[in-house]
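Note: the block below is model.cif and it holds mmCIF, C-alpha atoms.
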data_start
loop_
_atom_site.label_atom_id
_atom_site.label_comp_id
_atom_site.auth_asym_id
_atom_site.auth_seq_id
_atom_site.Cartn_x
_atom_site.Cartn_y
_atom_site.Cartn_z
CA MET A 5 46.58 -0.02 -7.61
CA SER A 6 44.10 2.47 -9.06
CA ALA A 7 40.37 2.06 -8.44
CA PRO A 8 38.58 -0.10 -11.00
CA GLN A 9 36.51 1.63 -13.65
CA VAL A 10 32.73 1.18 -13.73
CA LEU A 11 30.80 0.68 -16.97
CA VAL A 12 27.03 1.08 -17.30
CA LEU A 13 25.66 -0.82 -20.29
CA ALA A 14 22.44 0.90 -21.32
CA LYS A 15 19.93 1.43 -24.09
CA THR A 16 18.43 4.81 -24.91
CA PRO A 17 14.89 4.77 -23.42
CA GLU A 18 12.77 4.97 -26.56
CA PRO A 19 9.19 3.61 -26.79
CA GLY A 20 9.12 0.19 -28.38
CA ARG A 21 12.85 -0.45 -27.83
CA VAL A 22 13.08 -0.82 -24.05
CA LYS A 23 11.27 -2.81 -21.38
CA THR A 24 9.03 -4.50 -23.93
CA ARG A 25 8.12 -7.24 -21.44
CA LEU A 26 6.25 -4.60 -19.45
CA CYS A 27 3.80 -4.34 -22.38
CA PRO A 28 1.09 -5.17 -21.47
CA PRO A 29 0.02 -3.92 -18.98
CA CYS A 30 2.11 -0.85 -19.81
CA THR A 31 2.07 1.06 -23.07
CA PRO A 32 5.40 1.43 -24.91
CA GLU A 33 5.51 5.05 -23.74
CA GLN A 34 5.02 4.05 -20.11
CA ALA A 35 7.67 1.34 -20.44
CA ALA A 36 10.12 3.89 -21.83
CA ARG A 37 9.48 6.18 -18.84
CA ILE A 38 10.17 3.26 -16.50
CA ALA A 39 13.43 2.53 -18.33
CA ALA A 40 14.45 6.18 -18.24
CA ALA A 41 13.84 6.33 -14.48
CA ALA A 42 15.80 3.13 -13.88
CA LEU A 43 18.72 4.43 -15.92
CA ALA A 44 18.71 7.83 -14.21
CA ASP A 45 18.73 6.28 -10.74
CA THR A 46 21.49 3.87 -11.77
CA LEU A 47 23.68 6.67 -13.11
CA ASP A 48 23.13 8.70 -9.92
CA THR A 49 24.17 5.72 -7.80
CA VAL A 50 27.33 5.08 -9.83
CA ALA A 51 28.20 8.77 -9.58
CA THR A 52 28.31 8.50 -5.77
CA ALA A 53 30.29 5.24 -5.69
CA THR A 54 34.04 4.75 -5.82
CA ALA A 55 35.38 4.41 -9.37
CA GLY A 56 38.60 5.10 -11.23
CA ALA A 57 36.47 6.16 -14.21
CA ARG A 58 32.78 6.03 -15.11
CA ILE A 59 31.77 5.10 -18.65
CA LEU A 60 28.31 4.93 -20.20
CA VAL A 61 28.32 2.25 -22.90
CA VAL A 62 25.14 3.04 -24.74
CA ASP A 63 22.97 1.83 -27.58
CA GLY A 64 21.53 5.05 -29.01
CA ASP A 65 22.16 8.71 -28.35
CA HIS A 66 21.55 8.98 -24.61
CA PRO A 67 24.08 11.46 -23.18
CA ALA A 68 26.55 10.61 -20.46
CA PRO A 69 26.51 12.60 -17.19
CA ALA A 70 29.07 15.36 -16.74
CA GLY A 71 32.48 13.94 -15.95
CA TRP A 72 31.73 10.55 -17.53
CA ALA A 73 33.10 9.03 -20.71
CA ARG A 74 30.63 7.78 -23.32
CA LEU A 75 31.09 4.91 -25.74
CA ALA A 76 28.74 3.43 -28.34
CA GLN A 77 27.90 -0.25 -27.97
CA ARG A 78 29.46 -2.42 -30.65
CA GLY A 79 28.15 -5.72 -32.00
CA GLY A 80 24.86 -7.44 -32.60
CA PRO A 81 24.00 -10.13 -30.02
CA LEU A 82 24.07 -9.06 -26.38
CA ALA A 83 26.90 -11.49 -25.61
CA ASP A 84 29.11 -9.73 -28.16
CA ARG A 85 28.12 -6.27 -26.93
CA LEU A 86 29.04 -7.27 -23.37
CA ALA A 87 32.43 -8.62 -24.41
CA ASN A 88 33.08 -5.61 -26.63
CA ALA A 89 32.23 -3.21 -23.80
CA PHE A 90 35.11 -4.69 -21.79
CA ALA A 91 37.42 -4.77 -24.81
CA ASP A 92 36.70 -1.25 -26.02
CA THR A 93 37.23 0.33 -22.59
CA ARG A 94 40.37 -1.66 -21.74
CA PRO A 95 43.21 0.83 -21.18
CA VAL A 96 46.65 -0.71 -21.61
CA ALA A 97 49.85 0.82 -20.30
CA ASP A 98 51.95 1.01 -23.44
CA THR A 99 52.73 3.67 -26.02
CA ARG A 100 50.97 2.33 -29.10
CA PRO A 101 48.07 4.16 -30.78
CA VAL A 102 44.80 4.15 -28.83
CA ALA A 103 43.04 2.00 -31.43
CA ASP A 104 45.50 -0.81 -30.74
CA THR A 105 44.53 -0.96 -27.07
CA ARG A 106 41.32 -2.70 -28.14
CA LEU A 107 43.27 -5.87 -28.83
CA VAL A 108 42.19 -8.12 -25.97
CA ALA A 109 45.03 -10.55 -26.65
CA ASP A 110 47.62 -7.89 -25.78
CA HIS A 111 49.39 -8.56 -22.48
CA ARG A 112 52.25 -6.08 -22.74
CA GLY A 113 50.59 -3.61 -20.36
CA THR A 114 48.47 -3.69 -17.25
CA ALA A 115 44.76 -3.33 -17.94
CA ALA A 116 42.45 -1.58 -15.50
CA ALA A 117 40.11 -3.76 -13.49
CA THR A 118 36.57 -3.18 -14.72
CA LEU A 119 33.09 -3.58 -13.24
CA LEU A 120 30.12 -3.69 -15.64
CA ILE A 121 26.50 -3.28 -14.62
CA GLY A 122 23.26 -2.71 -16.53
CA MET A 123 20.25 -0.43 -16.07
CA ASP A 124 17.76 -3.01 -14.79
CA THR A 125 18.55 -2.91 -11.05
CA PRO A 126 17.66 0.61 -9.88
CA GLN A 127 17.59 -0.60 -6.25
CA LEU A 128 21.37 -0.84 -6.52
CA THR A 129 23.22 1.13 -3.84
CA ALA A 130 26.63 2.74 -3.69
CA ALA A 131 27.47 0.19 -1.00
CA HIS A 132 26.90 -2.66 -3.48
CA LEU A 133 29.26 -1.02 -5.95
CA ASP A 134 31.88 -0.02 -3.39
CA ALA A 135 32.05 -3.61 -2.15
CA ALA A 136 32.58 -4.95 -5.67
CA VAL A 137 35.11 -2.28 -6.60
CA GLY A 138 36.92 -2.81 -3.32
CA LEU A 139 37.32 -6.52 -3.96
CA LEU A 140 38.69 -5.93 -7.46
CA GLY A 141 41.00 -3.18 -6.27
CA THR A 142 42.59 -5.21 -3.48
CA ALA A 143 45.91 -6.81 -4.36
CA ASP A 144 44.97 -10.19 -2.88
CA GLY A 145 41.29 -9.99 -3.89
CA PRO A 146 39.42 -12.25 -6.32
CA ASP A 147 40.04 -12.29 -10.05
CA ALA A 148 36.35 -11.67 -10.75
CA VAL A 149 33.12 -10.69 -9.04
CA LEU A 150 29.71 -11.80 -10.27
CA GLY A 151 26.34 -10.54 -9.09
CA PRO A 152 23.62 -13.18 -9.68
CA ALA A 153 20.08 -12.09 -10.53
CA ASP A 154 16.89 -13.74 -9.33
CA ASP A 155 15.91 -14.71 -12.88
CA GLY A 156 19.09 -16.73 -13.44
CA GLY A 157 21.11 -14.02 -15.14
CA TRP A 158 23.54 -11.59 -13.57
CA TRP A 159 23.45 -7.89 -12.70
CA ALA A 160 27.17 -7.22 -12.36
CA LEU A 161 30.42 -8.66 -13.67
CA GLY A 162 33.79 -7.38 -12.56
CA LEU A 163 37.11 -8.56 -13.95
CA ARG A 164 40.60 -7.77 -12.70
CA GLU A 165 41.80 -8.59 -16.23
CA PRO A 166 39.10 -7.44 -18.70
CA GLY A 167 40.40 -9.72 -21.44
CA HIS A 168 38.60 -12.62 -19.76
CA ALA A 169 35.31 -11.10 -20.95
CA GLU A 170 35.94 -12.93 -24.23
CA ALA A 171 34.39 -15.94 -22.47
CA LEU A 172 31.00 -14.16 -22.62
CA ARG A 173 30.72 -14.55 -26.39
CA ALA A 174 29.90 -18.25 -26.08
CA ILE A 175 27.30 -17.89 -23.31
CA PRO A 176 23.57 -17.63 -24.14
CA THR A 177 22.07 -14.46 -22.65
CA SER A 178 18.66 -13.79 -21.12
CA THR A 179 18.11 -17.38 -20.00
CA ALA A 180 17.55 -18.98 -16.62
CA HIS A 181 21.04 -20.48 -16.89
CA THR A 182 23.09 -17.45 -17.98
CA GLY A 183 24.48 -16.72 -14.53
CA ARG A 184 25.43 -20.33 -13.83
CA LEU A 185 27.08 -20.69 -17.24
CA THR A 186 28.98 -17.44 -16.77
CA LEU A 187 30.31 -18.56 -13.40
CA ALA A 188 31.38 -21.90 -14.87
CA ALA A 189 33.14 -20.23 -17.81
CA LEU A 190 35.09 -17.91 -15.52
CA ARG A 191 36.16 -20.79 -13.29
CA ARG A 192 37.27 -22.83 -16.32
CA ARG A 193 39.69 -19.99 -17.02
CA GLY A 194 41.15 -20.53 -13.56
CA LEU A 195 39.65 -17.38 -12.09
CA ARG A 196 38.80 -16.98 -8.43
CA VAL A 197 35.24 -15.64 -8.45
CA HIS A 198 33.51 -13.86 -5.57
CA LEU A 199 29.71 -13.88 -5.67
CA LEU A 200 28.02 -10.56 -4.91
CA PRO A 201 24.55 -10.29 -3.32
CA ARG A 202 21.67 -11.57 -5.42
CA LEU A 203 19.40 -8.85 -6.83
CA ARG A 204 16.11 -8.83 -8.73
CA ASP A 205 16.16 -7.11 -12.10
CA VAL A 206 13.21 -5.49 -13.81
CA ASP A 207 11.62 -7.37 -16.69
CA THR A 208 7.92 -7.66 -15.83
CA ALA A 209 5.32 -5.53 -14.07
CA ALA A 210 5.63 -7.75 -11.01
CA ASP A 211 9.39 -7.16 -11.02
CA ALA A 212 8.86 -3.41 -11.31
CA HIS A 213 6.62 -3.27 -8.25
CA ALA A 214 8.88 -5.55 -6.21
CA VAL A 215 12.01 -3.56 -7.06
CA ALA A 216 10.29 -0.20 -6.54
CA ALA A 217 9.49 -1.31 -2.99
CA LEU A 218 13.25 -1.64 -2.38
CA CYS A 219 14.05 1.84 -3.69
CA PRO A 220 13.90 5.06 -1.66
CA PRO A 221 10.32 6.43 -1.81
CA GLY A 222 11.39 9.55 -3.70
CA SER A 223 13.52 7.77 -6.28
CA ARG A 224 12.71 8.32 -9.93
CA PHE A 225 12.03 4.62 -10.38
CA ALA A 226 9.63 4.32 -7.46
CA VAL A 227 7.73 7.40 -8.60
CA ALA A 228 7.58 6.19 -12.22
CA VAL A 229 6.35 2.72 -11.24
CA ASP A 230 3.64 4.22 -9.06
CA ALA A 231 2.51 6.42 -11.96
CA ASP A 232 2.93 4.11 -14.95
CA VAL A 233 2.79 0.42 -13.95
CA PRO A 234 -0.70 -0.86 -13.09
CA SER A 235 -0.82 -3.20 -10.12
CA ALA A 236 -2.00 -6.78 -10.54
CA ALA A 237 -5.23 -5.87 -8.76
CA ALA A 238 -5.84 -2.95 -11.11
CA VAL A 239 -5.21 -5.11 -14.18
CA GLY A 240 -7.66 -7.72 -12.94
CA ARG A 241 -10.51 -5.26 -12.51
#
Any chance you could give the structure as structure tokens?
Amino acid sequence: MSAPQVLVLAKTPEPGRVKTRLCPPCTPEQAARIAAAALADTLDTVATATAGARILVVDGDHPAPAGWARLAQRGGPLADRLANAFADTRPVADTRPVADTRLVADHRGTAAATLLIGMDTPQLTAAHLDAAVGLLGTADGPDAVLGPADDGGWWALGLREPGHAEALRAIPTSTAHTGRLTLAALRRRGLRVHLLPRLRDVDTAADAHAVAALCPPGSRFAVAVDADVPSAAAVGR
């Protein structure tokens, strides 16, 4: 069994389009620098982890690192973009034209197991990813892995059969119940789900400082937070 592929779902770090919940206390330009640092650290981590392929699924024109594939996000609501990321990167072992391999209902070939993460957990380590990929790549491993986030969402979803990502379309995103609803939907499909470690993602200034404290001191994210995110004490003065 080949190693699962890893997708990074990301948005080009442009002022006013990313990390808007950091504003205030940050300016849109500062928030964009925070997002850019988080994305850069995430891509570096994925580059050092085990993966059959690495694919940047991006909203905007941000380039993929050397050796990666790059795919534009497709769809409007986040739930659709998540499901489409799995569908549009789902290689199927048959001889039909490439465009036809996007048909999630096709079961004539064997799809590659896929792990999807975002750009909001720059404290992520290669060990986190290797554990998830290892579970998906083991013949008797779980059908899915799910990484819960502190805010009730999730930071990672891995599927042995990517077609099951269709379940995401009916799940509200960015709520305190998204992770629980995702887990329930996967189990209703009869999937055996392994829960990964819980991580905190970056939405607010408090999140940014807490997550930066978990990153290596010289990481882009830690440096950017120190430079661009005022502390609660500074804001109160």
Response to the item:
Among A:Ala55, A:Val62, A:Val229, A:Ala73, Gly138 (chain A) is approached most closely, using all atoms listed in the file, by A:Ala55
Fill in: Shell of 8 Å around Gln34 (chain A), all atoms listed in the file, local chain residues under 6 positions omitted, as a list of chain:residue names
A:Pro19, A:Asp232, A:Val233
Item to complete: Translate the PyMOL selection byres ((chain A and resi 20) around 8), as applied to the file shown, into an explicit residue set as a ChimeraX atom specification.
Response: /A:18-19,21-24,32-33,36
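Every protein or nucleic acid residue with an atom no more than 8 Å from Leu86 (chain A), counting all atoms listed in the file and leaving out same-chain residues fewer than 2 positions away, appears here: Leu13, Leu82, Ala83, Asp84, Asn88, Ala89, Phe90, Ala169 and Leu172 of chain A.
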Worksheet entry | Non-local contacts of Ala70 (chain A) (12 Å; only C-alpha atoms; under 4 positions in same chain excluded) as a PyMOL selection string | chain A and resi 47-48+51+58-60+74
Item to complete: Please write as number ranges by chain the full residue list that the PyMOL selection byres ((chain A and resi 205) around 12) yields on this file.
Response: A: 23, 39, 42, 121-128, 151-160, 178, 202-204, 206-216, 218
File of the preceding selection, C-alpha atoms, as a PDB file, in the frame of the given file:
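Result written to again21.pdb:
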ATOM      1  CA  LYS A  23      11.270  -2.810 -21.380  1.00  0.00           C
ATOM      2  CA  ALA A  39      13.430   2.530 -18.330  1.00  0.00           C
ATOM      3  CA  ALA A  42      15.800   3.130 -13.880  1.00  0.00           C
ATOM      4  CA  ILE A 121      26.500  -3.280 -14.620  1.00  0.00           C
ATOM      5  CA  GLY A 122      23.260  -2.710 -16.530  1.00  0.00           C
ATOM      6  CA  MET A 123      20.250  -0.430 -16.070  1.00  0.00           C
ATOM      7  CA  ASP A 124      17.760  -3.010 -14.790  1.00  0.00           C
ATOM      8  CA  THR A 125      18.550  -2.910 -11.050  1.00  0.00           C
ATOM      9  CA  PRO A 126      17.660   0.610  -9.880  1.00  0.00           C
ATOM     10  CA  GLN A 127      17.590  -0.600  -6.250  1.00  0.00           C
ATOM     11  CA  LEU A 128      21.370  -0.840  -6.520  1.00  0.00           C
ATOM     12  CA  GLY A 151      26.340 -10.540  -9.090  1.00  0.00           C
ATOM     13  CA  PRO A 152      23.620 -13.180  -9.680  1.00  0.00           C
ATOM     14  CA  ALA A 153      20.080 -12.090 -10.530  1.00  0.00           C
ATOM     15  CA  ASP A 154      16.890 -13.740  -9.330  1.00  0.00           C
ATOM     16  CA  ASP A 155      15.910 -14.710 -12.880  1.00  0.00           C
ATOM     17  CA  GLY A 156      19.090 -16.730 -13.440  1.00  0.00           C
ATOM     18  CA  GLY A 157      21.110 -14.020 -15.140  1.00  0.00           C
ATOM     19  CA  TRP A 158      23.540 -11.590 -13.570  1.00  0.00           C
ATOM     20  CA  TRP A 159      23.450  -7.890 -12.700  1.00  0.00           C
ATOM     21  CA  ALA A 160      27.170  -7.220 -12.360  1.00  0.00           C
ATOM     22  CA  SER A 178      18.660 -13.790 -21.120  1.00  0.00           C
ATOM     23  CA  ARG A 202      21.670 -11.570  -5.420  1.00  0.00           C
ATOM     24  CA  LEU A 203      19.400  -8.850  -6.830  1.00  0.00           C
ATOM     25  CA  ARG A 204      16.110  -8.830  -8.730  1.00  0.00           C
ATOM     26  CA  VAL A 206      13.210  -5.490 -13.810  1.00  0.00           C
ATOM     27  CA  ASP A 207      11.620  -7.370 -16.690  1.00  0.00           C
ATOM     28  CA  THR A 208       7.920  -7.660 -15.830  1.00  0.00           C
ATOM     29  CA  ALA A 209       5.320  -5.530 -14.070  1.00  0.00           C
ATOM     30  CA  ALA A 210       5.630  -7.750 -11.010  1.00  0.00           C
ATOM     31  CA  ASP A 211       9.390  -7.160 -11.020  1.00  0.00           C
ATOM     32  CA  ALA A 212       8.860  -3.410 -11.310  1.00  0.00           C
ATOM     33  CA  HIS A 213       6.620  -3.270  -8.250  1.00  0.00           C
ATOM     34  CA  ALA A 214       8.880  -5.550  -6.210  1.00  0.00           C
ATOM     35  CA  VAL A 215      12.010  -3.560  -7.060  1.00  0.00           C
ATOM     36  CA  ALA A 216      10.290  -0.200  -6.540  1.00  0.00           C
ATOM     37  CA  LEU A 218      13.250  -1.640  -2.380  1.00  0.00           C
TER      38      LEU A 218
END
Fill in: Polymer residues at most 10 Å from Gly64 (chain A), all atoms listed in the file, same-chain spacing of 5 or more positions, as a ChimeraX atom specification
/A:14-18,76-77
Worksheet item: Suppose you want the space between CA of Ala130 (chain A) and CA of Leu187 (chain A); what is it in Å?
Response: 23.7 Å
Discussion item. I want to know what sits within 9 Å of Val10 (chain A), based on only C-alpha atoms, with residues of the same chain fewer than 2 positions away left out; could you give that as a ChimeraX atom specification?
Written reply: /A:8,12,50,54-60,117-121,133,137,162
